[in-house]
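Trainee: This is run.cif (mmCIF, C-alpha atoms).
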data_data
loop_
_atom_site.label_atom_id
_atom_site.label_comp_id
_atom_site.auth_asym_id
_atom_site.auth_seq_id
_atom_site.Cartn_x
_atom_site.Cartn_y
_atom_site.Cartn_z
CA PHE C 1412 10.89 -10.28 -13.94
CA ARG C 1413 8.83 -9.51 -17.02
CA TYR C 1414 6.31 -6.70 -17.27
CA ARG C 1415 3.61 -8.13 -19.53
CA GLU C 1416 2.28 -6.14 -22.47
CA GLU C 1417 -1.23 -6.30 -21.02
CA LEU C 1418 -0.03 -4.27 -18.04
CA HIS C 1419 1.07 -1.42 -20.29
CA GLN C 1420 -2.29 -1.46 -22.06
CA SER C 1421 -4.46 -1.58 -18.92
CA THR C 1422 -6.63 1.46 -18.18
CA ASP C 1423 -5.84 1.22 -14.47
CA PHE C 1424 -2.07 0.73 -14.52
CA GLY C 1425 0.60 3.05 -15.86
CA THR C 1426 4.31 2.56 -16.33
CA VAL C 1427 6.80 5.31 -16.98
CA VAL C 1428 9.46 5.12 -19.70
CA GLU C 1429 12.18 4.18 -17.21
CA HIS C 1430 10.64 0.74 -16.69
CA GLY C 1431 12.68 -2.15 -18.02
CA HIS C 1432 10.93 -4.60 -20.35
CA ASP C 1433 12.73 -7.67 -19.04
CA VAL C 1434 14.89 -7.73 -15.96
CA ALA C 1435 16.60 -10.91 -14.88
CA GLY C 1436 16.17 -11.95 -11.26
CA ASP C 1437 16.66 -14.97 -9.08
CA GLU C 1438 14.10 -17.74 -9.55
CA GLU C 1439 12.25 -17.18 -6.29
CA ARG C 1440 11.83 -13.43 -6.84
CA THR C 1441 10.81 -13.99 -10.45
CA ALA C 1442 8.08 -16.44 -9.52
CA VAL C 1443 6.68 -14.29 -6.71
CA SER C 1444 6.72 -11.13 -8.80
CA LEU C 1445 4.91 -12.72 -11.74
CA ILE C 1446 2.15 -14.00 -9.46
CA ASP C 1447 1.78 -10.69 -7.66
CA TRP C 1448 1.56 -8.59 -10.84
CA ARG C 1449 -0.90 -10.97 -12.48
CA GLN C 1450 -3.16 -10.85 -9.44
CA VAL C 1451 -2.97 -7.08 -9.14
CA GLU C 1452 -3.69 -6.62 -12.84
CA GLU C 1453 -6.74 -8.87 -12.68
CA GLY C 1454 -7.98 -7.23 -9.50
CA VAL C 1455 -7.93 -10.39 -7.39
CA ILE C 1456 -4.99 -9.74 -5.08
CA HIS C 1457 -6.08 -8.96 -1.52
CA THR C 1458 -4.34 -7.25 1.36
CA ARG C 1459 -4.66 -10.46 3.37
CA ASP C 1460 -1.93 -11.76 1.05
CA CYS C 1461 0.50 -9.03 2.10
CA PRO C 1462 1.73 -7.86 5.49
CA PHE C 1463 0.62 -4.24 5.19
CA GLY C 1464 -3.15 -4.36 5.52
CA GLU C 1465 -6.05 -6.45 6.72
CA GLU C 1466 -9.01 -5.33 4.61
CA ALA C 1467 -9.39 -6.54 1.03
CA GLY C 1468 -9.37 -3.61 -1.36
CA ASP C 1469 -7.02 -1.40 0.66
CA GLU C 1470 -5.30 0.26 -2.29
CA VAL C 1471 -2.75 2.03 -0.11
CA ALA C 1472 -1.65 -1.24 1.50
CA LEU C 1473 -1.24 -2.74 -1.95
CA LEU C 1474 0.79 0.30 -3.02
CA VAL C 1475 3.19 -0.22 -0.12
CA TYR C 1476 3.33 -3.96 -0.86
CA ARG C 1477 4.25 -3.61 -4.51
CA SER C 1478 6.63 -0.74 -3.77
CA ASN C 1479 8.58 -2.96 -1.40
CA LEU C 1480 8.69 -5.75 -4.01
CA LEU C 1481 10.03 -3.38 -6.65
CA GLY C 1482 12.45 -1.71 -4.26
CA ALA C 1483 13.93 -5.04 -3.19
CA ASP C 1484 15.71 -5.35 -6.56
CA LEU C 1485 18.27 -2.56 -6.93
CA ARG C 1486 18.57 -3.31 -10.64
CA LEU C 1487 15.04 -1.92 -10.97
CA THR C 1488 15.24 1.00 -8.57
CA ASN C 1489 18.92 1.99 -8.70
CA TYR C 1490 20.08 4.72 -6.31
CA GLY C 1491 17.25 6.99 -5.19
CA GLY C 1492 14.55 4.40 -5.81
CA GLY C 1493 12.09 6.27 -8.04
CA ASN C 1494 8.52 6.72 -6.84
CA THR C 1495 5.17 4.93 -6.93
CA SER C 1496 1.58 6.03 -6.51
CA CYS C 1497 -2.06 5.04 -6.48
CA LYS C 1498 -5.30 7.00 -6.77
CA ALA C 1499 -8.32 5.84 -4.77
CA PRO C 1500 -11.52 7.24 -3.24
CA ALA C 1501 -11.43 8.43 0.35
CA LYS C 1502 -13.70 10.30 2.73
CA ASP C 1503 -13.04 14.01 3.03
CA PRO C 1504 -12.66 14.71 6.76
CA LEU C 1505 -14.16 18.20 6.38
CA THR C 1506 -17.21 17.50 4.21
CA GLY C 1507 -17.77 13.77 4.58
CA ASP C 1508 -17.90 13.51 0.78
CA THR C 1509 -16.03 10.86 -1.17
CA VAL C 1510 -13.10 12.40 -3.02
CA GLU C 1511 -10.24 11.08 -5.13
CA VAL C 1512 -6.93 11.02 -3.28
CA MET C 1513 -3.47 10.18 -4.59
CA TRP C 1514 -0.94 8.48 -2.36
CA VAL C 1515 2.59 8.91 -3.68
CA LYS C 1516 6.00 8.06 -2.24
CA GLY C 1517 7.27 11.03 -0.28
CA SER C 1518 10.41 12.91 -1.19
CA GLY C 1519 13.50 10.86 -0.36
CA GLY C 1520 13.19 7.49 1.33
CA ASP C 1521 13.58 4.01 -0.05
CA LEU C 1522 10.98 1.95 -1.92
CA GLY C 1523 12.27 -1.33 -0.53
CA SER C 1524 11.64 -0.38 3.10
CA MET C 1525 8.88 2.22 2.71
CA GLN C 1526 5.88 2.01 5.02
CA ARG C 1527 2.53 3.77 4.85
CA SER C 1528 4.02 6.63 6.86
CA GLY C 1529 6.45 7.25 3.99
CA LEU C 1530 3.68 8.35 1.62
CA ALA C 1531 2.25 11.76 0.81
CA ALA C 1532 -1.54 11.87 0.39
CA LEU C 1533 -3.00 14.69 -1.72
CA TYR C 1534 -6.34 15.71 -3.19
CA VAL C 1535 -6.30 14.86 -6.91
CA GLU C 1536 -8.69 17.66 -7.91
CA ARG C 1537 -6.63 20.30 -6.10
CA LEU C 1538 -3.40 19.11 -7.64
CA ARG C 1539 -4.84 19.20 -11.15
CA SER C 1540 -6.22 22.70 -10.58
CA LEU C 1541 -2.66 23.98 -10.06
CA LYS C 1542 -2.19 24.06 -13.83
CA LYS C 1543 -4.35 27.22 -13.74
CA VAL C 1544 -1.62 29.07 -11.83
CA TYR C 1545 1.45 27.52 -13.48
CA ARG C 1546 3.66 30.31 -14.84
CA GLY C 1547 6.31 28.33 -16.73
CA LEU C 1548 9.68 26.64 -16.35
CA GLU C 1549 11.24 29.44 -14.35
CA PHE C 1550 8.65 28.98 -11.61
CA GLU C 1551 8.80 25.24 -10.98
CA ASP C 1552 9.97 25.78 -7.38
CA GLU C 1553 6.86 27.72 -6.46
CA MET C 1554 4.70 24.86 -7.74
CA VAL C 1555 6.41 22.45 -5.35
CA GLU C 1556 5.53 24.80 -2.48
CA LEU C 1557 1.89 24.83 -3.61
CA PHE C 1558 1.69 21.05 -3.17
CA ASN C 1559 1.28 21.76 0.54
CA HIS C 1560 -2.10 23.34 -0.19
CA CYS C 1561 -3.25 20.04 -1.70
CA ILE C 1562 -2.44 17.81 1.29
CA TYR C 1563 -5.16 15.35 2.31
CA ASP C 1564 -3.38 13.62 5.19
CA LEU C 1565 -1.74 16.18 7.48
CA ALA C 1566 0.79 13.54 8.58
CA SER C 1567 2.03 13.18 5.00
CA LYS C 1568 5.66 13.21 4.00
CA ALA C 1569 6.79 16.08 1.77
CA PRO C 1570 5.47 15.43 -1.77
CA SER C 1571 8.04 14.55 -4.43
CA ILE C 1572 8.91 16.92 -7.26
CA ASP C 1573 7.59 14.12 -9.50
CA THR C 1574 4.06 14.54 -8.07
CA PRO C 1575 2.71 16.19 -11.29
CA LEU C 1576 3.88 13.17 -13.32
CA HIS C 1577 1.71 10.91 -11.18
CA VAL C 1578 -1.38 13.10 -10.93
CA PHE C 1579 -1.74 14.12 -14.59
CA LEU C 1580 -1.26 10.66 -16.09
CA PRO C 1581 -4.68 8.94 -16.31
CA PHE C 1582 -3.67 5.68 -14.62
CA LYS C 1583 -4.74 4.66 -11.12
CA HIS C 1584 -1.40 2.99 -10.37
CA ILE C 1585 1.95 4.34 -11.56
CA ASP C 1586 5.46 3.02 -10.90
CA HIS C 1587 8.31 5.35 -11.88
CA LEU C 1588 11.57 3.44 -11.61
CA HIS C 1589 15.23 3.80 -12.58
CA PRO C 1590 16.38 0.36 -13.80
CA ASP C 1591 19.99 -0.07 -14.86
CA ALA C 1592 18.98 -1.37 -18.30
CA ALA C 1593 16.91 1.72 -19.13
CA ILE C 1594 19.52 4.11 -17.73
CA ALA C 1595 22.17 2.52 -19.95
CA ILE C 1596 20.05 3.24 -23.02
CA ALA C 1597 19.01 6.73 -21.92
CA ALA C 1598 22.61 7.75 -21.18
CA ALA C 1599 24.00 6.37 -24.44
CA LYS C 1600 25.19 8.75 -27.14
CA ASP C 1601 22.60 7.36 -29.58
CA GLY C 1602 19.96 6.65 -26.94
CA LYS C 1603 17.02 7.89 -29.00
CA ARG C 1604 17.98 5.76 -32.01
CA ILE C 1605 18.62 2.72 -29.81
CA THR C 1606 15.20 3.14 -28.19
CA GLU C 1607 13.48 3.27 -31.56
CA GLU C 1608 15.35 0.19 -32.81
CA LEU C 1609 14.74 -1.88 -29.67
CA PHE C 1610 11.11 -1.02 -28.99
CA GLY C 1611 9.73 -0.17 -32.42
CA GLY C 1612 7.64 2.77 -31.26
CA THR C 1613 6.11 1.09 -28.20
CA VAL C 1614 8.31 3.18 -25.87
CA GLY C 1615 8.57 6.93 -26.31
CA TRP C 1616 11.68 9.10 -26.00
CA VAL C 1617 11.53 12.34 -24.02
CA GLY C 1618 14.62 14.52 -23.92
CA TRP C 1619 15.99 15.26 -20.46
CA GLN C 1620 14.57 18.12 -18.48
CA ARG C 1621 14.03 18.86 -14.83
CA PRO C 1622 11.00 17.08 -13.29
CA GLY C 1623 7.99 19.28 -12.73
CA PHE C 1624 4.82 20.67 -14.27
CA ASP C 1625 6.20 21.36 -17.72
CA LEU C 1626 7.49 17.80 -18.09
#
Kindly return the structure encoded in the file as structure tokens.

Mentor:
Amino acid sequence: FRYREELHQSTDFGTVVEHGHDVAGDEERTAVSLIDWRQVEEGVIHTRDCPFGEEAGDEVALLVYRSNLLGADLRLTNYGGGNTSCKAPAKDPLTGDTVEVMWVKGSGGDLGSMQRSGLAALYVERLRSLKKVYRGLEFEDEMVELFNHCIYDLASKAPSIDTPLHVFLPFKHIDHLHPDAAIAIAAAKDGKRITEELFGGTVGWVGWQRPGFDL
């Protein structure tokens, strides 16, 4: 299905470079996906329209819903499935205050079959404060261990190494995927040049490096 340009320009939705611009699908999946993304983008989709929640405005239910839609097409998610996230207000169980929490797909697992229990929930402010103690590329592993100090939901799955990618980008909803089409370009000998020719500057090129805080 097609990711519309407006989605890339929205202040609430973010897409990572690995997203494909156009991905062919069967007619039924194409039609459903276009409707779902349009409704999400315009803020009118409700959890009553999906099987994962009953209250309208349940951002986590919508995250699971769209993750399953994306994960159902292996041309979009490839092996390993990528990861998705949303940021939304929640009540702090210790203070009763409203805080910003990020729900992100836990380490491992499969987008197509993921349930709410497959997410990690973390305090956004605590995650962003970790940049104060970041010591550089050689210490990426210790940053992953510090994610545990940012857990909001104690029943969370282990946070992904891609957690910094999701928390530092300014978008409320982020889908980080591994579509075949994008991998073919990224793995090509002249991948950077091909990217520039195909997308004319609308898609950036970042040289490979291990996921983590520096990236």

Trainee: Put the listed atoms of range 1599-1603 of chain C in a box along x, y and z with 4 Å added on every side and give me the centre and edge lengths in Å to one decimal, as lines of an AutoDock Vina configuration file.

Mentor:
center_x = 21.1
center_y = 7.6
center_z = -27.0
size_x = 16.2
size_y = 10.4
size_z = 13.1

Trainee: Excluding same-chain residues fewer than 5 positions from Cys1497 in chain C, what lies within 7 Å of it counting only C-alpha atoms, as a list in words?

Mentor: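 Using only C-alpha atoms, the neighbours found are Leu1474, Met1513, Trp1514, Val1515, Lys1583, His1584 and Ile1585 of chain C.
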
Trainee: What is the distance, in Å and to one decimal place, between CA of Met1525 in chain C and CA of Asn1479 in chain C?

Mentor: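 CA of Asn1479 in chain C lies at a distance of 6.6 Å from CA of Met1525 in chain C.
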
Trainee: Which one is closest to Ala1472 in chain C: C:Leu1530, C:Leu1485, C:Leu1557, C:Leu1626? Count all atoms listed in the file.

Mentor: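 Nearest to Ala1472 in chain C: C:Leu1530.
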
Trainee: Work out how far apart CA of Tyr1534 in chain C and CA of Pro1500 in chain C are and give it in Å to one decimal.

Mentor: 9.9 Å

Trainee: Would you work out the distance separating CA of Gly1602 in chain C from CA of Trp1616 in chain C, expressed in Å to one decimal?

Mentor: 8.7 Å

Trainee: Which residues would end up in the selection if the PyMOL selection byres ((chain C and resi 1538) around 10) were applied here, given that I need the answer as JSON, numbers by chain?

Mentor: {"C": [1512, 1513, 1533, 1534, 1535, 1536, 1537, 1539, 1540, 1541, 1542, 1554, 1557, 1558, 1559, 1560, 1561, 1562, 1574, 1575, 1578, 1579]}

Trainee: Hey, which of C:Asp1573, C:Asp1508, C:Glu1556, C:Asp1469 ends up closest to Arg1527 in chain C? Count all atoms listed in the file.

Mentor: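 Checking each of C:Asp1573, C:Asp1508, C:Glu1556, C:Asp1469 against Arg1527 in chain C, counting all atoms listed in the file, the winner is C:Asp1469.
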
Trainee: Using the chain letters and residue numbers of this document, give as a list in words the residues selected by the PyMOL selection byres ((chain C and resi 1519) around 8).

Mentor: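 Applied to this file, the PyMOL selection byres ((chain C and resi 1519) around 8) returns Gly1491, Gly1517, Ser1518, Gly1520, Asp1521 and Ser1571 of chain C.
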
Trainee: Find the residue from C:Thr1495, C:Gln1620, C:Thr1506, C:Ser1478 that sits nearest to Ala1531 in chain C; use all atoms listed in the file when measuring.

Mentor: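 Among the listed residues, the smallest separation from Ala1531 in chain C belongs to C:Thr1495.
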
Trainee: My list of candidates is C:Leu1487, C:Ala1499, C:Leu1505, C:Ala1595. Which is closest to Phe1582 in chain C when distances are computed with all atoms listed in the file?

Mentor: C:Ala1499

Trainee: May I have the residues within 6 Å of Pro1590 in chain C as a short mmCIF file (atom, residue, chain, number, x, y, z; two decimals) with C-alpha atoms, keeping the file's coordinate frame, using all atoms listed in the file and disregarding those fewer than 3 positions away in the same chain?

Mentor:
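Below you can see part21.cif, which holds the result:
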data_model
loop_
_atom_site.label_atom_id
_atom_site.label_comp_id
_atom_site.auth_asym_id
_atom_site.auth_seq_id
_atom_site.Cartn_x
_atom_site.Cartn_y
_atom_site.Cartn_z
CA ARG C 1486 18.57 -3.31 -10.64
CA LEU C 1487 15.04 -1.92 -10.97
CA THR C 1488 15.24 1.00 -8.57
CA ASN C 1489 18.92 1.99 -8.70
CA ALA C 1593 16.91 1.72 -19.13
#

Trainee: May I ask which of the residues C:Lys1603, C:His1577, C:His1589, C:Lys1498 is the closest one to Val1617 in chain C, counting all atoms listed in the file?

Mentor: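 Checking each of C:Lys1603, C:His1577, C:His1589, C:Lys1498 against Val1617 in chain C, counting all atoms listed in the file, the winner is C:Lys1603.
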